[in-house]
file work38.cif (mmCIF, C-alpha atoms)
data_structure
loop_
_atom_site.label_atom_id
_atom_site.label_comp_id
_atom_site.auth_asym_id
_atom_site.auth_seq_id
_atom_site.Cartn_x
_atom_site.Cartn_y
_atom_site.Cartn_z
CA MET A 1 -11.21 19.57 -52.15
CA SER A 2 -7.65 18.37 -52.36
CA VAL A 3 -5.42 18.97 -49.33
CA GLU A 4 -2.44 18.66 -51.61
CA LEU A 5 -3.77 21.44 -53.88
CA ARG A 6 -4.34 23.69 -50.87
CA ALA A 7 -0.82 23.09 -49.63
CA ARG A 8 0.56 23.75 -53.11
CA VAL A 9 -1.29 27.06 -53.51
CA LEU A 10 -0.40 28.31 -50.04
CA ALA A 11 3.25 27.32 -50.53
CA ALA A 12 3.37 29.09 -53.92
CA ALA A 13 1.92 32.24 -52.35
CA ALA A 14 4.33 32.07 -49.43
CA ALA A 15 7.28 31.70 -51.80
CA GLU A 16 6.34 34.83 -53.76
CA ALA A 17 6.61 38.18 -52.03
CA SER A 18 3.71 40.54 -52.59
CA PRO A 19 3.30 44.11 -51.37
CA THR A 20 0.85 44.84 -48.57
CA ARG A 21 -1.41 47.88 -48.76
CA ALA A 22 1.14 50.04 -46.94
CA ASP A 23 3.97 48.84 -49.24
CA LEU A 24 1.86 49.53 -52.29
CA ARG A 25 0.97 53.02 -51.10
CA ARG A 26 4.66 53.84 -50.73
CA ARG A 27 5.48 52.30 -54.10
CA ASN A 28 2.67 54.22 -55.81
CA LEU A 29 3.84 57.45 -54.21
CA VAL A 30 7.31 56.90 -55.68
CA ILE A 31 5.85 56.04 -59.10
CA GLY A 32 3.66 59.15 -58.92
CA LEU A 33 6.68 61.31 -58.17
CA VAL A 34 8.59 59.69 -61.03
CA ALA A 35 5.61 60.37 -63.34
CA ALA A 36 5.51 64.03 -62.29
CA ALA A 37 9.28 64.38 -62.66
CA SER A 38 9.31 62.73 -66.08
CA GLY A 39 6.46 64.93 -67.32
CA LEU A 40 8.07 68.05 -65.94
CA GLY A 41 11.49 67.07 -67.29
CA ALA A 42 10.06 66.35 -70.73
CA PHE A 43 8.27 69.70 -70.68
CA VAL A 44 11.41 71.61 -69.71
CA ILE A 45 13.50 69.85 -72.37
CA PHE A 46 10.88 70.54 -75.01
CA ALA A 47 10.38 74.15 -73.91
CA VAL A 48 14.13 74.74 -74.24
CA LEU A 49 14.33 73.05 -77.63
CA MET A 50 11.23 74.80 -78.91
CA SER A 51 11.54 78.13 -77.10
CA GLU A 52 9.72 81.22 -78.31
CA GLY A 53 12.96 82.68 -79.63
CA HIS A 54 13.60 79.50 -81.55
CA LEU A 55 10.07 79.53 -82.92
CA LEU A 56 10.43 83.15 -83.95
CA ARG A 57 13.63 82.29 -85.75
CA LEU A 58 11.75 79.49 -87.53
CA GLY A 59 8.66 81.57 -88.24
CA GLY A 60 10.39 84.89 -89.02
CA GLU A 61 8.08 87.73 -89.77
CA VAL A 62 4.96 85.57 -90.10
CA ALA A 63 4.99 84.96 -86.35
CA PRO A 64 5.32 88.36 -84.72
CA HIS A 65 6.22 88.32 -81.05
CA HIS A 66 3.02 89.93 -79.77
CA TYR A 67 1.10 86.85 -80.88
CA LEU A 68 3.12 84.76 -78.45
CA GLU A 69 2.22 86.86 -75.46
CA ARG A 70 -0.98 86.04 -73.59
CA PRO A 71 -2.48 87.93 -70.69
CA VAL A 72 -1.56 86.32 -67.36
CA GLY A 73 -5.27 86.07 -66.56
CA LEU A 74 -5.91 83.99 -69.68
CA VAL A 75 -3.02 81.65 -68.93
CA ALA A 76 -4.06 81.25 -65.28
CA THR A 77 -7.72 80.64 -66.12
CA SER A 78 -7.07 78.29 -69.00
CA VAL A 79 -4.36 76.28 -67.23
CA GLY A 80 -6.28 76.26 -63.93
CA GLY A 81 -9.37 74.77 -65.58
CA ALA A 82 -7.26 72.23 -67.46
CA LEU A 83 -5.58 71.27 -64.17
CA VAL A 84 -8.97 70.57 -62.58
CA VAL A 85 -9.99 68.39 -65.54
CA ALA A 86 -6.63 66.58 -65.47
CA ALA A 87 -6.92 65.92 -61.73
CA THR A 88 -10.45 64.56 -62.22
CA ALA A 89 -9.24 62.39 -65.11
CA VAL A 90 -6.39 60.95 -63.00
CA TRP A 91 -8.83 60.26 -60.18
CA LEU A 92 -11.22 58.52 -62.59
CA ALA A 93 -8.42 56.46 -64.12
CA LEU A 94 -6.65 55.36 -60.97
CA ARG A 95 -9.37 55.01 -58.34
CA ARG A 96 -11.59 51.97 -58.60
CA GLY A 97 -14.50 53.18 -56.55
CA ARG A 98 -15.86 50.62 -54.08
CA SER A 99 -15.38 47.53 -56.24
CA MET A 100 -12.21 45.63 -57.08
CA LEU A 101 -13.50 45.44 -60.65
CA GLY A 102 -13.29 49.19 -61.06
CA ARG A 103 -15.86 51.53 -62.44
CA SER A 104 -18.70 50.44 -64.68
CA ARG A 105 -18.31 50.53 -68.44
CA ARG A 106 -20.89 53.33 -68.65
CA ARG A 107 -18.97 55.57 -66.24
CA LEU A 108 -15.67 54.89 -67.96
CA LEU A 109 -17.13 55.66 -71.38
CA PHE A 110 -18.78 58.80 -70.05
CA GLY A 111 -15.50 59.92 -68.48
CA ALA A 112 -13.54 59.10 -71.61
CA ALA A 113 -15.89 61.21 -73.72
CA LEU A 114 -16.03 64.05 -71.22
CA ILE A 115 -12.27 64.55 -70.74
CA PRO A 116 -11.36 65.78 -74.25
CA PHE A 117 -14.67 67.57 -74.66
CA SER A 118 -14.35 69.56 -71.42
CA LEU A 119 -10.68 70.41 -72.08
CA LEU A 120 -11.49 71.68 -75.56
CA ALA A 121 -14.58 73.56 -74.43
CA TRP A 122 -12.67 75.23 -71.57
CA LYS A 123 -9.77 76.25 -73.80
CA VAL A 124 -12.07 77.72 -76.45
CA ASP A 125 -14.31 79.46 -73.89
CA CYS A 126 -11.37 81.08 -72.11
CA SER A 127 -9.82 82.15 -75.39
CA ILE A 128 -13.08 83.65 -76.66
CA ALA A 129 -13.43 85.55 -73.37
CA PHE A 130 -9.94 87.02 -73.82
CA GLY A 131 -10.33 87.60 -77.56
CA ALA A 132 -7.02 87.70 -79.42
CA ALA A 133 -5.92 84.13 -78.78
CA MET A 134 -8.53 82.80 -81.23
CA VAL A 135 -6.78 84.46 -84.18
CA ALA A 136 -6.10 82.12 -87.08
CA TRP A 137 -2.49 81.03 -87.24
CA PRO A 138 -1.97 78.80 -90.28
CA GLU A 139 1.82 78.85 -89.84
CA ARG A 140 1.44 76.79 -86.68
CA PRO A 141 -0.77 73.86 -87.60
CA GLY A 142 -0.06 72.15 -84.29
CA GLU A 143 2.55 69.48 -84.96
CA ARG A 144 4.85 70.88 -82.25
CA CYS A 145 2.09 70.79 -79.69
CA LEU A 146 1.30 67.23 -80.79
CA ALA A 147 4.94 66.24 -80.26
CA LEU A 148 5.10 68.08 -76.91
CA SER A 149 1.95 66.39 -75.65
CA LEU A 150 3.11 62.90 -76.62
CA PHE A 151 6.60 63.55 -75.21
CA VAL A 152 5.28 64.85 -71.89
CA ALA A 153 2.56 62.18 -71.53
CA ALA A 154 4.73 59.09 -72.18
CA GLY A 155 6.12 58.88 -68.64
CA PRO A 156 2.80 59.52 -66.86
CA LEU A 157 1.04 56.98 -69.11
CA LEU A 158 3.45 54.19 -68.13
CA SER A 159 3.43 55.29 -64.49
CA PHE A 160 -0.36 55.34 -64.31
CA LEU A 161 -0.50 51.84 -65.82
CA ALA A 162 1.98 50.66 -63.18
CA ILE A 163 -0.07 52.27 -60.40
CA ARG A 164 -3.31 50.72 -61.69
CA GLY A 165 -1.62 47.30 -61.62
CA SER A 166 -4.37 45.10 -62.96
CA ALA A 167 -7.90 45.33 -64.30
CA PRO A 168 -9.56 41.94 -64.70
CA ALA A 169 -12.70 43.60 -66.06
CA GLN A 170 -12.43 45.86 -69.14
CA PRO A 171 -8.63 46.21 -69.23
CA ALA A 172 -8.63 47.94 -72.62
CA LEU A 173 -11.24 50.51 -71.60
CA ASN A 174 -9.43 51.16 -68.31
CA GLY A 175 -6.20 51.55 -70.29
CA ALA A 176 -7.90 54.02 -72.64
CA VAL A 177 -9.10 56.13 -69.70
CA ILE A 178 -5.56 56.04 -68.29
CA GLY A 179 -4.35 57.26 -71.69
CA PHE A 180 -6.86 60.13 -71.56
CA ALA A 181 -5.69 60.98 -68.03
CA ALA A 182 -2.04 61.08 -69.12
CA GLY A 183 -3.09 63.16 -72.13
CA ALA A 184 -5.01 65.56 -69.88
CA CYS A 185 -1.86 66.08 -67.80
CA ALA A 186 0.09 66.77 -71.00
CA TRP A 187 -2.69 69.17 -72.06
CA VAL A 188 -1.84 71.31 -69.03
CA ALA A 189 1.80 71.49 -70.15
CA ALA A 190 0.81 72.25 -73.74
CA ASP A 191 -1.60 74.93 -72.53
CA LEU A 192 1.17 76.57 -70.51
CA TRP A 193 3.47 76.57 -73.50
CA CYS A 194 1.21 77.24 -76.48
CA PRO A 195 -0.52 80.60 -77.03
CA VAL A 196 -2.59 79.44 -80.00
CA ALA A 197 -6.28 78.74 -79.50
CA TYR A 198 -7.22 78.61 -83.18
CA VAL A 199 -9.56 75.62 -83.27
CA PRO A 200 -7.92 73.62 -86.14
CA HIS A 201 -4.60 74.02 -84.29
CA VAL A 202 -6.13 72.89 -81.00
CA LEU A 203 -7.74 69.87 -82.66
CA LEU A 204 -4.50 68.71 -84.25
CA GLY A 205 -2.00 69.74 -81.59
CA HIS A 206 -3.98 69.30 -78.37
CA VAL A 207 -6.96 66.98 -78.95
CA LEU A 208 -5.35 64.49 -81.33
CA PRO A 209 -2.64 63.51 -78.79
CA LEU A 210 -5.42 62.69 -76.33
CA VAL A 211 -6.92 60.30 -78.85
CA VAL A 212 -3.53 58.80 -79.71
CA LEU A 213 -2.72 58.32 -76.02
CA ALA A 214 -6.13 56.76 -75.37
CA GLY A 215 -5.48 54.30 -78.20
CA ALA A 216 -2.02 53.51 -76.86
CA GLY A 217 -3.50 53.18 -73.37
CA ALA A 218 -6.12 50.74 -74.64
CA LEU A 219 -3.49 48.56 -76.30
CA LEU A 220 -1.16 48.70 -73.30
CA GLY A 221 -4.07 48.14 -70.92
CA ARG A 222 -5.09 45.02 -72.80
CA ALA A 223 -1.52 43.75 -72.73
CA LEU A 224 -0.53 44.78 -69.20
CA LEU A 225 -3.64 45.12 -67.05
CA ALA A 226 -5.45 41.91 -67.99
CA PRO A 227 -4.45 38.86 -65.92
CA ARG A 228 -2.56 36.37 -68.08
CA SER A 229 -2.42 32.63 -67.68
CA ARG A 230 0.99 30.99 -67.51
CA MET B 1 -28.84 36.44 -49.07
CA ALA B 2 -25.55 36.86 -47.21
CA ASN B 3 -23.12 33.99 -47.42
CA PRO B 4 -21.11 33.72 -44.19
CA ASP B 5 -18.19 32.07 -46.03
CA LEU B 6 -17.95 34.96 -48.45
CA ASP B 7 -18.37 37.61 -45.76
CA GLY B 8 -15.52 35.78 -44.04
CA ALA B 9 -13.56 35.88 -47.28
CA ASP B 10 -13.98 39.67 -47.51
CA ALA B 11 -12.77 40.12 -43.93
CA ALA B 12 -9.90 37.66 -44.45
CA MET B 13 -8.82 39.43 -47.65
CA GLU B 14 -8.86 42.74 -45.78
CA ARG B 15 -6.59 41.22 -43.09
CA TYR B 16 -4.35 39.82 -45.81
CA ALA B 17 -4.12 43.20 -47.55
CA ARG B 18 -2.99 44.73 -44.27
CA GLY B 19 -0.18 42.19 -43.99
CA ASP B 20 -1.56 39.25 -41.98
CA ALA B 21 0.08 36.42 -43.96
CA ALA B 22 -1.96 33.69 -42.25
CA ALA B 23 -5.21 35.19 -43.55
CA PHE B 24 -4.53 33.86 -47.07
CA ALA B 25 -5.43 30.35 -45.89
CA ASP B 26 -8.82 31.69 -44.74
CA VAL B 27 -9.33 33.42 -48.10
CA TYR B 28 -8.48 30.13 -49.79
CA ASP B 29 -10.87 28.09 -47.65
CA ALA B 30 -13.73 30.55 -48.11
CA ILE B 31 -13.64 31.06 -51.86
CA THR B 32 -12.11 27.90 -53.28
CA PRO B 33 -15.20 25.66 -53.39
CA ARG B 34 -17.18 28.12 -55.52
CA LEU B 35 -14.18 29.22 -57.53
CA LEU B 36 -13.19 25.66 -58.37
CA ASP B 37 -16.78 24.87 -59.29
CA PHE B 38 -16.84 27.90 -61.59
CA LEU B 39 -13.57 26.87 -63.23
CA ARG B 40 -14.58 23.23 -63.63
CA ARG B 41 -17.75 24.30 -65.41
CA ALA B 42 -15.85 26.73 -67.58
CA THR B 43 -13.07 24.33 -68.58
CA ARG B 44 -14.66 20.90 -68.08
CA ASP B 45 -11.21 19.71 -67.24
CA ALA B 46 -10.42 19.05 -63.57
CA SER B 47 -6.67 19.49 -63.82
CA ALA B 48 -6.94 22.67 -65.92
CA ALA B 49 -9.46 24.02 -63.41
CA GLU B 50 -7.08 23.37 -60.52
CA ASP B 51 -4.22 24.98 -62.38
CA LEU B 52 -6.30 28.06 -63.20
CA MET B 53 -7.54 28.24 -59.63
CA GLN B 54 -3.96 28.31 -58.39
CA GLN B 55 -3.18 31.09 -60.87
CA THR B 56 -6.27 33.05 -59.81
CA LEU B 57 -5.27 32.88 -56.17
CA LEU B 58 -1.71 33.88 -56.99
CA HIS B 59 -3.02 36.90 -58.90
CA MET B 60 -5.05 37.83 -55.84
CA HIS B 61 -1.98 37.29 -53.69
CA ARG B 62 0.12 39.61 -55.88
CA ALA B 63 -2.60 42.26 -55.92
CA ARG B 64 -3.45 42.05 -52.23
CA GLY B 65 -2.08 45.53 -51.56
CA SER B 66 -4.64 47.03 -53.94
CA PHE B 67 -7.60 45.38 -52.22
CA ILE B 68 -10.24 48.00 -51.43
CA PRO B 69 -11.52 47.84 -47.84
CA GLY B 70 -15.11 46.60 -47.84
CA ALA B 71 -15.02 45.34 -51.44
CA PRO B 72 -16.44 41.85 -52.10
CA VAL B 73 -13.82 39.24 -52.97
CA MET B 74 -15.86 36.74 -54.98
CA PRO B 75 -16.72 38.92 -58.03
CA TRP B 76 -13.06 39.92 -58.19
CA ALA B 77 -11.92 36.30 -58.04
CA CYS B 78 -14.49 35.31 -60.69
CA ALA B 79 -13.39 38.15 -62.98
CA ILE B 80 -9.74 37.11 -62.71
CA ALA B 81 -10.66 33.45 -63.23
CA ARG B 82 -12.83 34.27 -66.24
CA ARG B 83 -10.03 36.28 -67.81
CA LEU B 84 -7.55 33.44 -67.18
CA VAL B 85 -9.92 30.89 -68.73
CA THR B 86 -10.24 33.02 -71.86
CA ASP B 87 -6.51 33.62 -72.03
CA SER B 88 -5.69 29.98 -71.46
CA ALA B 89 -8.16 28.87 -74.17
CA ARG B 90 -6.64 31.38 -76.58
CA ARG B 91 -3.17 30.16 -75.72
CA ARG B 92 -4.16 26.55 -76.31
CA ARG B 93 -5.66 27.45 -79.69
CA VAL B 94 -2.43 29.17 -80.69
CA GLU B 95 -0.36 26.20 -79.51
CA ARG B 96 -2.57 23.81 -81.46
CA ARG B 97 -2.16 25.92 -84.55
CA VAL B 98 1.61 26.13 -84.07
CA PHE B 99 2.02 22.41 -83.55
CA SER B 100 -0.58 21.59 -86.24
CA GLU B 101 -2.60 19.44 -83.93
CA THR B 102 -6.17 18.56 -84.72
CA PRO B 103 -8.79 20.50 -82.77
CA ALA B 104 -9.39 18.53 -79.59
CA ASP B 105 -13.12 18.97 -79.20
CA ASP B 106 -13.20 15.65 -77.42
CA ASP B 107 -11.31 17.09 -74.45
CA ARG B 108 -14.46 19.00 -73.59
CA MET B 109 -17.59 17.37 -72.26
CA THR B 110 -17.57 13.65 -73.00
CA TYR B 111 -20.26 11.16 -72.35
CA ASP B 112 -18.93 8.07 -70.62
CA PRO B 113 -21.24 5.11 -71.33
CA THR B 114 -19.32 2.81 -68.98
CA ALA B 115 -20.46 4.87 -66.02
CA ALA B 116 -24.04 3.90 -66.66
CA THR B 117 -23.26 0.19 -66.61
CA THR B 118 -22.44 0.38 -62.91
CA ALA B 119 -26.11 0.89 -62.23
CA ALA B 120 -27.10 -2.53 -63.46
CA THR B 121 -30.66 -2.18 -62.32
CA ALA B 122 -33.89 -0.85 -63.68
CA ALA B 123 -32.68 2.65 -62.81
CA ALA B 124 -29.96 2.32 -65.43
CA ASP B 125 -32.25 3.62 -68.16
CA ASP B 126 -33.20 6.63 -66.07
CA LEU B 127 -29.59 7.32 -65.27
CA LEU B 128 -28.66 7.03 -68.92
CA HIS B 129 -31.49 9.33 -69.89
CA ALA B 130 -30.49 11.86 -67.24
CA ARG B 131 -26.89 11.81 -68.37
CA ARG B 132 -27.85 12.21 -72.01
CA LEU B 133 -30.07 15.08 -71.05
CA ALA B 134 -27.31 16.70 -69.00
CA TRP B 135 -24.90 16.19 -71.85
CA ARG B 136 -27.33 17.74 -74.33
CA VAL B 137 -27.94 20.72 -72.05
CA GLN B 138 -24.21 21.14 -71.58
CA GLN B 139 -23.75 21.03 -75.35
CA ARG B 140 -26.47 23.64 -75.71
CA ILE B 141 -24.77 25.84 -73.08
CA ASP B 142 -21.51 25.49 -75.01
CA ALA B 143 -23.28 26.47 -78.21
CA LEU B 144 -24.72 29.65 -76.71
CA PRO B 145 -23.10 32.93 -77.75
CA GLU B 146 -20.29 33.77 -75.33
CA LEU B 147 -22.07 36.75 -73.79
CA GLN B 148 -25.18 34.71 -73.01
CA ARG B 149 -23.13 31.75 -71.77
CA ASN B 150 -21.12 33.87 -69.34
CA ALA B 151 -24.21 35.63 -68.00
CA TYR B 152 -26.01 32.30 -67.55
CA ARG B 153 -23.05 30.69 -65.76
CA LEU B 154 -22.51 33.55 -63.34
CA LEU B 155 -26.19 33.92 -62.47
CA ARG B 156 -27.54 30.37 -62.56
CA GLN B 157 -24.50 28.25 -61.86
CA GLU B 158 -22.38 30.53 -59.66
CA GLY B 159 -25.32 32.18 -57.97
CA LEU B 160 -23.93 35.71 -58.26
CA SER B 161 -26.39 38.57 -57.94
CA LEU B 162 -27.32 40.54 -61.05
CA LYS B 163 -25.26 43.49 -59.85
CA ARG B 164 -22.16 41.39 -59.17
CA ALA B 165 -22.51 39.50 -62.46
CA ALA B 166 -22.81 42.83 -64.27
CA GLU B 167 -19.60 43.99 -62.57
CA VAL B 168 -17.76 40.79 -63.52
CA LEU B 169 -18.92 41.02 -67.12
CA GLY B 170 -18.36 44.76 -67.31
CA THR B 171 -21.87 45.57 -68.42
CA THR B 172 -25.21 46.75 -67.09
CA VAL B 173 -27.68 44.82 -64.94
CA SER B 174 -30.34 44.97 -67.65
CA ALA B 175 -27.91 43.56 -70.25
CA VAL B 176 -27.06 40.65 -67.93
CA LYS B 177 -30.78 40.04 -67.33
CA LEU B 178 -31.45 39.99 -71.04
CA ARG B 179 -28.53 37.68 -71.84
CA ALA B 180 -29.44 35.23 -69.08
CA HIS B 181 -33.07 35.28 -70.18
CA ARG B 182 -32.11 34.51 -73.78
CA ALA B 183 -29.85 31.71 -72.59
CA SER B 184 -32.66 30.26 -70.47
CA VAL B 185 -35.09 30.38 -73.40
CA ALA B 186 -32.58 28.58 -75.62
CA LEU B 187 -31.93 25.94 -72.95
CA ARG B 188 -35.64 25.38 -72.35
CA ALA B 189 -36.10 24.85 -76.08
CA ALA B 190 -33.23 22.36 -76.07
CA LEU B 191 -34.77 20.51 -73.15
CA ARG B 192 -38.14 20.36 -74.86
CA GLU B 193 -36.47 18.97 -77.99
CA ALA B 194 -34.68 16.37 -75.91
CA GLU B 195 -37.86 15.32 -74.13
CA GLU B 196 -39.85 14.87 -77.32
CA PRO B 197 -39.87 11.28 -78.63
CA ALA B 198 -37.83 10.81 -81.78
#
call {"tool": "encode", "arguments": {"input": "work38.cif", "output": "structure tokens"}}
result
Amino acid sequence: MSVELRARVLAAAAAEASPTRADLRRRNLVIGLVAAASGLGAFVIFAVLMSEGHLLRLGGEVAPHHYLERPVGLVATSVGGALVVAATAVWLALRRGRSMLGRSRRRLLFGAALIPFSLLAWKVDCSIAFGAAMVAWPERPGERCLALSLFVAAGPLLSFLAIRGSAPAQPALNGAVIGFAAGACAWVAADLWCPVAYVPHVLLGHVLPLVVLAGAGALLGRALLAPRSR
Amino acid sequence: MANPDLDGADAAMERYARGDAAAFADVYDAITPRLLDFLRRATRDASAAEDLMQQTLLHMHRARGSFIPGAPVMPWACAIARRLVTDSARRRRVERRVFSETPADDDRMTYDPTAATTAATAAADDLLHARRLAWRVQQRIDALPELQRNAYRLLRQEGLSLKRAAEVLGTTVSAVKLRAHRASVALRAALREAEEPA
């Protein structure tokens, strides 16, 4: 083995600063806070722009106010369950397990399938238990919820990709799971904001953004997480 | 079977992740022989292999903070190297297309007949035969589908365990077993063909 090559590699490494584990932990904490702030900020901005009063003005008599009010128990149960799923999704997306190559393809695929399914099932179950929220609401097909979810999830998606750093094995699949995780976080915001549990609305406004974000995550993961040669 | 060099590499990488700058030299010394071997086989170009090895180590250097305590280093290094080989090959193909160069298949494995002439003894025929055989096998490995070729290289040439190879390739142990088995069957057939008199 060439001594000259060894010297060259060690010199190149010495010349380029790289974060230690402690540095990275601090950096990831900051990125995590930025992700939370951006998601929260996006939610607040959207909630102001698309407030209930504003929606009522848009919807007029076809959207009576009592439809927009949900029992506190329903909101707490629905959002609480979604929060648990979102936290699990973030854990699945950002933690690699015990290997530097991350989780196996089977686990990632299983997780990716389970996230939207469990969110949808929880939302529908809670709404059925509380009754009125399942009422059909054709005037709200779900495009606002779709926009809210994408708006809220953009910051967390980029932040999660930055925290993950690199994925030499299955970068696109890892990116897709990160997209689902960001989407699950946005689901929590959408669930807080949106009283409608009519299934076609939920599919368009709440589930579709998860799929869109997973697709975006896969593309970004392929571009950003895979090691590139010079 | 435990490899003391690689166990040392895992410990050295852990020290490096915690901030011990001198530990990178130990990581280098422990993994480079196998990594360089892997890259030489994958590229069949010594200078490209060295360049990709440097890039692999620099990737590991940049990602040292994310190293998981207790994780094995070698499958990680192989996965980065494999990804860089693929990316570099893709890049070269694009460059060739852009500059309208002819496909340079001859920069892959080449048989050098002058090497055989140095053995100007009765063993020259054997040497020639062995080289032709090796060349034919190498050609056959190159002709294998990518999935089979990667599984075969990691298991038979790099000596990774089934579990580690499955991690590197992002698939299951049984899929790696199947791919390596198919590759072995194809190579055995090629060897039989080569051994049969024309």
call {"tool": "interface_residues", "arguments": {"input": "work38.cif", "of": "chain B", "to": "chain A", "cutoff": "9 Å", "atoms": "only C-alpha atoms", "output": "VMD selection string"}}
result
chain B and resid 16 to 21 24 to 25 28 to 29 32 to 33 36 50 52 to 59 61 to 73 75 to 76 79 to 88 91 166 to 172
call {"tool": "atom_distance", "arguments": {"input": "work38.cif", "atom1": "atom CA of Ala37 of chain A", "atom2": "atom CA of Ala197 of chain A"}}
result
27.1 Å
call {"tool": "resolve_selection", "arguments": {"input": "work38.cif", "expression": "the PyMOL selection byres ((chain B and resi 155) around 12)", "output": "PyMOL selection string"}}
result
chain B and resi 38+75+78+148-154+156-166+168-169+173+176-181+183-184
call {"tool": "atom_distance", "arguments": {"input": "work38.cif", "atom1": "atom CA of Ser118 of chain A", "atom2": "atom CA of Phe46 of chain A"}}
result
25.5 Å
call {"tool": "atom_distance", "arguments": {"input": "work38.cif", "atom1": "atom CA of Met13 of chain B", "atom2": "atom CA of Asp26 of chain B"}}
result
8.3 Å
call {"tool": "residues_around", "arguments": {"input": "work38.cif", "residues": "Phe160 of chain A", "least_positions_apart": "5", "cutoff": "10 Å", "atoms": "all atoms listed in the file", "output": "list in words"}}
result
Asn28, Ile31, Gly32, Ala35, Val90, Ala93, Leu94, Gly155, Gly165, Gly175, Ile178, Gly179, Ala181, Ala182 and Gly217 of chain A
call {"tool": "residues_around", "arguments": {"input": "work38.cif", "residues": "segment 136-140 of chain B", "least_positions_apart": "5", "cutoff": "7 Å", "atoms": "only C-alpha atoms", "output": "ChimeraX atom specification"}}
result
/B:187,190-191
call {"tool": "residues_around", "arguments": {"input": "work38.cif", "residues": "Ala121 of chain A", "least_positions_apart": "6", "cutoff": "12 Å", "atoms": "all atoms listed in the file", "output": "count of residues only"}}
result
13
call {"tool": "residues_near_point", "arguments": {"input": "work38.cif", "point": "(-17.9, 24.4, -73.8)", "cutoff": "8 Å", "atoms": "only C-alpha atoms", "output": "ChimeraX atom specification"}}
result
/B:42-44,108-109,138-139,141-143
